[in-house]
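Asker: Contents are mmCIF, C-alpha atoms and all ligand atoms; file name start_22.cif:
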data_protein
#
loop_
_atom_site.label_atom_id
_atom_site.label_comp_id
_atom_site.auth_asym_id
_atom_site.auth_seq_id
_atom_site.Cartn_x
_atom_site.Cartn_y
_atom_site.Cartn_z
CA MET A 1 26.92 202.22 -16.24
CA ASP A 2 23.68 200.27 -16.03
CA MET A 3 20.48 201.75 -14.68
CA GLN A 4 20.77 200.30 -11.18
CA ALA A 5 24.43 201.34 -10.83
CA HIS A 6 23.48 204.84 -11.99
CA TRP A 7 20.92 205.26 -9.21
CA GLU A 8 23.11 203.63 -6.54
CA ASN A 9 25.80 206.16 -7.46
CA VAL A 10 23.35 209.08 -7.20
CA TYR A 11 22.36 208.15 -3.65
CA GLN A 12 25.93 207.38 -2.59
CA THR A 13 27.31 210.71 -3.82
CA LYS A 14 24.55 213.32 -3.46
CA ALA A 15 22.69 214.85 -0.54
CA PRO A 16 18.90 215.02 -1.01
CA GLU A 17 19.01 218.79 -1.71
CA GLU A 18 21.53 218.22 -4.49
CA THR A 19 18.96 216.39 -6.63
CA SER A 20 16.56 218.25 -8.95
CA TRP A 21 13.49 216.29 -7.80
CA TYR A 22 13.98 217.13 -4.11
CA GLN A 23 11.18 218.59 -2.06
CA PRO A 24 11.24 218.57 1.75
CA HIS A 25 7.70 217.18 1.60
CA LEU A 26 5.89 215.75 -1.43
CA GLN A 27 2.77 217.75 -0.58
CA THR A 28 0.92 217.22 -3.87
CA SER A 29 1.52 213.47 -3.70
CA LEU A 30 0.41 213.43 -0.08
CA ASP A 31 -2.81 215.29 -0.89
CA TRP A 32 -3.65 213.10 -3.88
CA ILE A 33 -2.88 209.86 -2.01
CA SER A 34 -5.02 211.00 0.94
CA ASN A 35 -7.81 211.64 -1.52
CA ALA A 36 -7.36 208.23 -3.19
CA ALA A 37 -7.08 206.32 0.13
CA ALA A 38 -9.84 207.45 2.42
CA ASP A 39 -9.16 204.64 4.89
CA GLN A 40 -5.92 204.68 6.88
CA SER A 41 -5.72 200.89 6.63
CA ALA A 42 -5.17 201.24 2.86
CA SER A 43 -2.14 199.40 1.57
CA ILE A 44 0.10 201.91 -0.26
CA LEU A 45 3.17 201.25 -2.42
CA ASP A 46 5.56 204.12 -3.21
CA VAL A 47 7.36 203.11 -6.41
CA GLY A 48 10.80 204.65 -6.81
CA GLY A 49 10.41 206.26 -3.42
CA GLY A 50 14.09 207.14 -3.27
CA GLU A 51 14.86 208.98 -0.04
CA SER A 52 11.74 211.12 -0.15
CA THR A 53 9.92 211.85 3.10
CA LEU A 54 6.55 210.77 1.67
CA VAL A 55 6.59 207.61 3.76
CA ASP A 56 7.28 209.64 6.94
CA ASP A 57 4.36 211.94 6.13
CA LEU A 58 2.00 209.05 5.36
CA LEU A 59 2.92 207.47 8.71
CA ALA A 60 2.24 210.80 10.44
CA LYS A 61 -1.20 210.87 8.79
CA GLY A 62 -1.97 207.49 10.34
CA TYR A 63 -1.47 205.18 7.33
CA ARG A 64 -0.08 201.93 8.62
CA SER A 65 0.28 199.58 5.63
CA LEU A 66 3.11 201.19 3.68
CA SER A 67 5.72 199.81 1.29
CA VAL A 68 8.57 201.54 -0.54
CA LEU A 69 10.24 200.13 -3.65
CA ASP A 70 13.42 201.45 -5.24
CA VAL A 71 16.04 200.09 -7.59
CA ALA A 72 18.74 201.71 -5.43
CA GLY A 73 19.43 199.90 -2.17
CA ALA A 74 21.36 202.99 -1.03
CA ALA A 75 18.17 205.08 -1.19
CA ILE A 76 16.23 202.51 0.80
CA ARG A 77 18.97 202.36 3.47
CA LYS A 78 18.95 206.16 3.79
CA SER A 79 15.21 206.19 4.31
CA GLN A 80 15.45 203.39 6.86
CA GLN A 81 18.13 205.31 8.78
CA ARG A 82 16.07 208.51 8.72
CA LEU A 83 12.99 206.72 10.05
CA GLY A 84 14.82 204.82 12.81
CA SER A 85 12.59 202.36 14.63
CA ALA A 86 9.54 203.43 12.55
CA ALA A 87 11.21 201.76 9.55
CA GLN A 88 10.43 198.35 11.01
CA GLY A 89 6.75 198.67 10.21
CA ILE A 90 7.35 199.46 6.52
CA GLY A 91 7.73 196.95 3.67
CA TRP A 92 11.00 197.63 1.83
CA LEU A 93 11.64 196.31 -1.67
CA VAL A 94 14.80 196.73 -3.76
CA GLY A 95 14.54 196.09 -7.50
CA ASP A 96 13.47 197.33 -10.91
CA VAL A 97 9.73 198.00 -10.85
CA ALA A 98 9.42 196.40 -14.29
CA GLU A 99 10.86 193.08 -13.04
CA VAL A 100 10.85 192.75 -9.27
CA ALA A 101 8.54 190.14 -7.73
CA LEU A 102 5.50 191.94 -6.31
CA PRO A 103 2.65 190.33 -4.39
CA ALA A 104 -0.52 189.93 -6.47
CA ARG A 105 -3.62 192.04 -5.72
CA ALA A 106 -1.88 193.53 -2.70
CA TYR A 107 -2.07 197.32 -2.92
CA ASP A 108 -4.95 199.78 -2.69
CA VAL A 109 -2.79 202.66 -3.92
CA TRP A 110 0.24 202.70 -6.22
CA HIS A 111 2.21 205.98 -6.10
CA ASP A 112 4.94 206.90 -8.58
CA ARG A 113 6.58 210.32 -8.67
CA ALA A 114 9.22 210.61 -11.37
CA VAL A 115 9.90 206.97 -12.28
CA PHE A 116 7.65 206.13 -15.25
CA HIS A 117 9.06 208.96 -17.35
CA PHE A 118 12.47 207.23 -17.33
CA LEU A 119 11.03 204.23 -19.17
CA THR A 120 11.99 205.14 -22.72
CA GLU A 121 11.56 201.65 -24.20
CA PRO A 122 8.01 200.45 -25.03
CA LYS A 123 8.95 197.02 -23.61
CA GLN A 124 9.78 198.57 -20.22
CA ARG A 125 6.47 200.43 -20.13
CA LEU A 126 4.52 197.29 -20.98
CA SER A 127 6.25 195.42 -18.16
CA TYR A 128 5.55 198.29 -15.76
CA VAL A 129 1.84 198.27 -16.62
CA ARG A 130 1.73 194.49 -16.27
CA GLN A 131 3.26 194.78 -12.79
CA LEU A 132 0.90 197.62 -11.85
CA THR A 133 -2.18 195.73 -13.00
CA SER A 134 -1.27 192.55 -11.17
CA ALA A 135 -0.08 194.17 -7.91
CA LEU A 136 -3.13 196.40 -7.45
CA LYS A 137 -6.29 195.21 -5.73
CA PRO A 138 -9.26 195.00 -8.13
CA SER A 139 -10.47 198.53 -7.38
CA GLY A 140 -6.97 199.92 -6.80
CA GLN A 141 -5.96 203.54 -7.30
CA VAL A 142 -2.91 205.00 -9.05
CA VAL A 143 -1.34 208.38 -8.31
CA MET A 144 1.34 209.09 -10.90
CA ALA A 145 3.53 212.12 -11.47
CA THR A 146 5.59 212.31 -14.67
CA PHE A 147 7.18 215.19 -16.51
CA GLY A 148 4.45 217.22 -18.22
CA PRO A 149 4.17 218.28 -21.89
CA GLU A 150 6.73 221.04 -21.30
CA GLY A 151 8.82 219.15 -18.76
CA PRO A 152 12.51 218.26 -19.13
CA GLN A 153 13.71 215.69 -21.65
CA LYS A 154 16.55 214.62 -19.40
CA CYS A 155 16.91 214.11 -15.66
CA SER A 156 19.90 212.92 -13.68
CA GLY A 157 21.72 212.55 -17.03
CA LEU A 158 19.12 210.05 -18.30
CA ASP A 159 16.63 210.51 -21.14
CA THR A 160 13.04 211.08 -20.06
CA ARG A 161 9.64 211.22 -21.78
CA ARG A 162 7.00 213.89 -21.41
CA TYR A 163 3.29 213.16 -20.98
CA ASP A 164 -0.06 214.85 -21.04
CA ALA A 165 -3.04 213.19 -19.37
CA GLU A 166 -4.22 211.58 -22.60
CA SER A 167 -0.85 210.07 -23.52
CA LEU A 168 -0.36 208.73 -19.99
CA ARG A 169 -3.88 207.27 -20.02
CA HIS A 170 -3.02 205.63 -23.34
CA GLU A 171 0.13 204.07 -21.81
CA LEU A 172 -1.81 202.55 -18.91
CA GLY A 173 -4.38 201.08 -21.29
CA PRO A 174 -8.10 200.35 -21.17
CA ASP A 175 -8.12 198.74 -17.69
CA PHE A 176 -7.54 202.16 -16.11
CA ARG A 177 -9.92 205.09 -15.76
CA LEU A 178 -8.54 208.63 -15.53
CA LEU A 179 -10.25 210.42 -12.63
CA ARG A 180 -8.26 213.62 -12.39
CA SER A 181 -5.16 215.30 -13.76
CA SER A 182 -3.24 218.48 -13.11
CA VAL A 183 -0.08 220.14 -14.36
CA VAL A 184 2.12 221.24 -11.45
CA ALA A 185 5.24 223.44 -11.39
CA HIS A 186 8.03 221.92 -9.32
CA GLN A 187 10.66 224.36 -8.00
CA THR A 188 14.00 222.58 -7.99
CA PRO A 189 16.59 223.33 -5.27
CA PHE A 190 18.63 225.03 -8.04
CA GLY A 191 16.04 227.77 -8.59
CA THR A 192 14.62 226.33 -11.82
CA THR A 193 11.10 225.10 -12.53
CA GLN A 194 10.10 221.71 -13.93
CA GLN A 195 6.64 220.92 -15.23
CA PHE A 196 5.09 217.78 -13.76
CA LEU A 197 1.82 216.08 -14.65
CA TYR A 198 -0.15 214.47 -11.81
CA CYS A 199 -2.80 211.88 -12.70
CA HIS A 200 -5.17 209.83 -10.58
CA PHE A 201 -6.42 206.61 -12.20
CA SER A 202 -8.53 203.78 -10.89
CA LEU A 203 -8.43 200.17 -11.99
CA GLY A 204 -11.72 198.93 -13.38
C1 LIG B 301 13.73 211.18 -9.83
S1 LIG B 301 13.85 210.10 -8.49
C2 LIG B 301 12.32 210.38 -7.62
C3 LIG B 301 12.37 209.92 -6.17
C4 LIG B 301 11.07 210.15 -5.41
N1 LIG B 301 9.95 209.45 -5.99
C5 LIG B 301 10.76 211.61 -5.28
O1 LIG B 301 9.82 212.08 -5.93
O2 LIG B 301 11.46 212.28 -4.51
C6 LIG B 301 13.55 208.54 -9.27
C7 LIG B 301 13.66 207.37 -8.31
O3 LIG B 301 13.24 206.19 -8.94
C8 LIG B 301 14.19 205.17 -8.76
N2 LIG B 301 14.10 204.33 -9.97
C9 LIG B 301 14.48 204.67 -11.23
N3 LIG B 301 14.18 203.69 -12.09
C10 LIG B 301 13.59 202.71 -11.36
C11 LIG B 301 13.05 201.43 -11.67
N4 LIG B 301 13.06 200.97 -12.93
N5 LIG B 301 12.52 200.69 -10.68
C12 LIG B 301 12.50 201.16 -9.41
N6 LIG B 301 12.99 202.36 -9.04
C13 LIG B 301 13.52 203.12 -10.01
C14 LIG B 301 15.50 205.87 -8.56
O4 LIG B 301 16.44 205.13 -7.82
C15 LIG B 301 15.05 207.12 -7.81
O5 LIG B 301 15.00 206.90 -6.43
#
In structure tokens, how does this file's structure come out?
Ligand SMILES: C[S@@+](CC[C@H](N)C(=O)[O-])C[C@H]1O[C@@H](n2cnc3c(N)ncnc32)[C@H](O)[C@@H]1O
Answerer:
Amino acid sequence: MDMQAHWENVYQTKAPEETSWYQPHLQTSLDWISNAAADQSASILDVGGGESTLVDDLLAKGYRSLSVLDVAGAAIRKSQQRLGSAAQGIGWLVGDVAEVALPARAYDVWHDRAVFHFLTEPKQRLSYVRQLTSALKPSGQVVMATFGPEGPQKCSGLDTRRYDAESLRHELGPDFRLLRSSVVAHQTPFGTTQQFLYCHFSLG
């Protein structure tokens, strides 16, 4: 099964609470994005947003220029259904973050929780960083959450990589400045704990 089919299948067969990454609200992401985007007019892209309620919570906080990207159309449709008429004001993108056409210099904030760590091939990571660099505005901000140094090495049956702040900074390259990092314990719905690393970078 290819990567896209894998994720389509996840969202067609599982309820949100049946996935290890589920949280009713992505509170840490919300806090870090609010910190990175002081102005509610900030343009924010949630990469691999899945069916998380982050977009709902950003809307509730008054952010009005929001986009969600996911490789699984099924996840995007679920989020659209959940949001009802509020979905109309959101930009929805379906595709692989490493390849999909993204507008240039468009976003103030790029958010990724639990996507980058699935990129096990150096080529995929280079493409991701190329996309990130071109889609962000010149002084854009990045809030990224990957598995931490003691995080899982597999998720959803797929291999994952683990990062500390230095190795993630190295992946993003010299154009990005690390402003803050923190290791966070995520409680899965199955009663286990996964270590995540949150990092805030700025471009330039
Ligand atoms: C572990 S889930 C995390 C979902 C959400 N960010 C959260 O924290 O609840 C990973 C998500 O990334 C999406 N995804 C995986 N690889 C992707 C890629 N290369 N491009 C875009 N989305 C991807 C999956 O469909 C899935 O929704």
Asker: If the box runs along x, y and z of the file and leaves 8 Å on each side of segment 28-41 of chain A, what are its centre and edge lengths in Å, one decimal, as JSON?
Answerer:
{"center_x": -4.2, "center_y": 209.1, "center_z": 1.5, "size_x": 27.4, "size_y": 32.3, "size_z": 26.8}
Asker: So, counting only C-alpha atoms, which residue among A:Lys61, A:Arg105, A:Lys154, A:His111 is closest to Thr133 of chain A?
Answerer: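 Among the listed residues, A:Arg105 lies closest to Thr133 of chain A.
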Asker: Between A:Gly50, A:Gly62, A:Gly204, A:Pro152, which is the closest to ligand LIG 301 (chain B) once you count only C-alpha atoms and all ligand atoms?
Answerer: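 Answer, going by the shortest atom-to-atom distance: A:Gly50.
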Asker: Would you list the residues near (14.1, 222.1, -3.9) (no more than 12 Å away, in the coordinates of the file, using all atoms listed in the file) as a ChimeraX atom specification?
Answerer: /A:15-26,52,185-194
Asker: When you draw a straight line from atom CA of Tyr198 of chain A to atom CA of Ala75 of chain A, how long is it in Å?
Answerer: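 Rounded to one decimal, the two atoms are 23.2 Å apart.
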Asker: Could you list, as a list of chain:residue names, every residue within 9 Å of Leu168 of chain A, counting only C-alpha atoms and ignoring same-chain residues fewer than 4 positions away?
Answerer: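 Here the answer would be A:Thr146, A:Tyr163, A:Asp164, A:Leu172, A:Gly173, A:Cys199.
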Asker: Do you know which residues are within 9 Å of ligand LIG 301 (chain B) using all atoms listed in the file? Can you write them as a CSV table (one decimal) with C-alpha atoms, keeping the file's coordinate frame?
Answerer:
chain,number,residue,atom,x,y,z
A,3,MET,CA,20.5,201.8,-14.7
A,4,GLN,CA,20.8,200.3,-11.2
A,6,HIS,CA,23.5,204.8,-12.0
A,7,TRP,CA,20.9,205.3,-9.2
A,8,GLU,CA,23.1,203.6,-6.5
A,10,VAL,CA,23.4,209.1,-7.2
A,11,TYR,CA,22.4,208.2,-3.6
A,16,PRO,CA,18.9,215.0,-1.0
A,19,THR,CA,19.0,216.4,-6.6
A,20,SER,CA,16.6,218.2,-9.0
A,21,TRP,CA,13.5,216.3,-7.8
A,22,TYR,CA,14.0,217.1,-4.1
A,23,GLN,CA,11.2,218.6,-2.1
A,24,PRO,CA,11.2,218.6,1.8
A,25,HIS,CA,7.7,217.2,1.6
A,26,LEU,CA,5.9,215.8,-1.4
A,29,SER,CA,1.5,213.5,-3.7
A,46,ASP,CA,5.6,204.1,-3.2
A,47,VAL,CA,7.4,203.1,-6.4
A,48,GLY,CA,10.8,204.6,-6.8
A,49,GLY,CA,10.4,206.3,-3.4
A,50,GLY,CA,14.1,207.1,-3.3
A,51,GLU,CA,14.9,209.0,0.0
A,52,SER,CA,11.7,211.1,-0.2
A,53,THR,CA,9.9,211.8,3.1
A,54,LEU,CA,6.6,210.8,1.7
A,69,LEU,CA,10.2,200.1,-3.6
A,70,ASP,CA,13.4,201.4,-5.2
A,71,VAL,CA,16.0,200.1,-7.6
A,72,ALA,CA,18.7,201.7,-5.4
A,73,GLY,CA,19.4,199.9,-2.2
A,74,ALA,CA,21.4,203.0,-1.0
A,75,ALA,CA,18.2,205.1,-1.2
A,76,ILE,CA,16.2,202.5,0.8
A,94,VAL,CA,14.8,196.7,-3.8
A,95,GLY,CA,14.5,196.1,-7.5
A,96,ASP,CA,13.5,197.3,-10.9
A,97,VAL,CA,9.7,198.0,-10.8
A,98,ALA,CA,9.4,196.4,-14.3
A,99,GLU,CA,10.9,193.1,-13.0
A,100,VAL,CA,10.8,192.8,-9.3
A,111,HIS,CA,2.2,206.0,-6.1
A,112,ASP,CA,4.9,206.9,-8.6
A,113,ARG,CA,6.6,210.3,-8.7
A,114,ALA,CA,9.2,210.6,-11.4
A,115,VAL,CA,9.9,207.0,-12.3
A,116,PHE,CA,7.6,206.1,-15.2
A,118,PHE,CA,12.5,207.2,-17.3
A,119,LEU,CA,11.0,204.2,-19.2
A,124,GLN,CA,9.8,198.6,-20.2
A,128,TYR,CA,5.6,198.3,-15.8
A,145,ALA,CA,3.5,212.1,-11.5
A,155,CYS,CA,16.9,214.1,-15.7
A,156,SER,CA,19.9,212.9,-13.7
Asker: Point out the residue among A:Gln153, A:Thr13, A:Leu126, A:Met144 with the least atom-to-atom distance to Ser181 of chain A, counting all atoms listed in the file.
Answerer: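 Among the listed residues, A:Met144 lies closest to Ser181 of chain A.
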Asker: Between atom CA of Leu30 of chain A and atom CA of Leu197 of chain A, what is the spacing in Å?
Answerer: 14.9 Å
Asker: Which is closest to Glu150 of chain A among A:Arg177, A:Val183, A:Glu121, A:Arg169, if we use only C-alpha atoms?
Answerer: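 Result for the nearest residue to Glu150 of chain A: A:Val183.
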Asker: Please report the interatomic distance between atom CA of Gln40 of chain A and atom CA of Gln81 of chain A in Å with one decimal.
Answerer: 24.1 Å
Asker: Smallest atom-to-atom distance to Ser65 of chain A: which of A:Gly91, A:Lys123, A:Gly151, A:Ser43, using all atoms listed in the file?
Answerer: A:Ser43
Asker: Looking at only C-alpha atoms, which of A:Leu136, A:Ala5, A:Leu58, A:Ala104 is the one that sits closest to Gln27 of chain A?
Answerer: A:Leu58
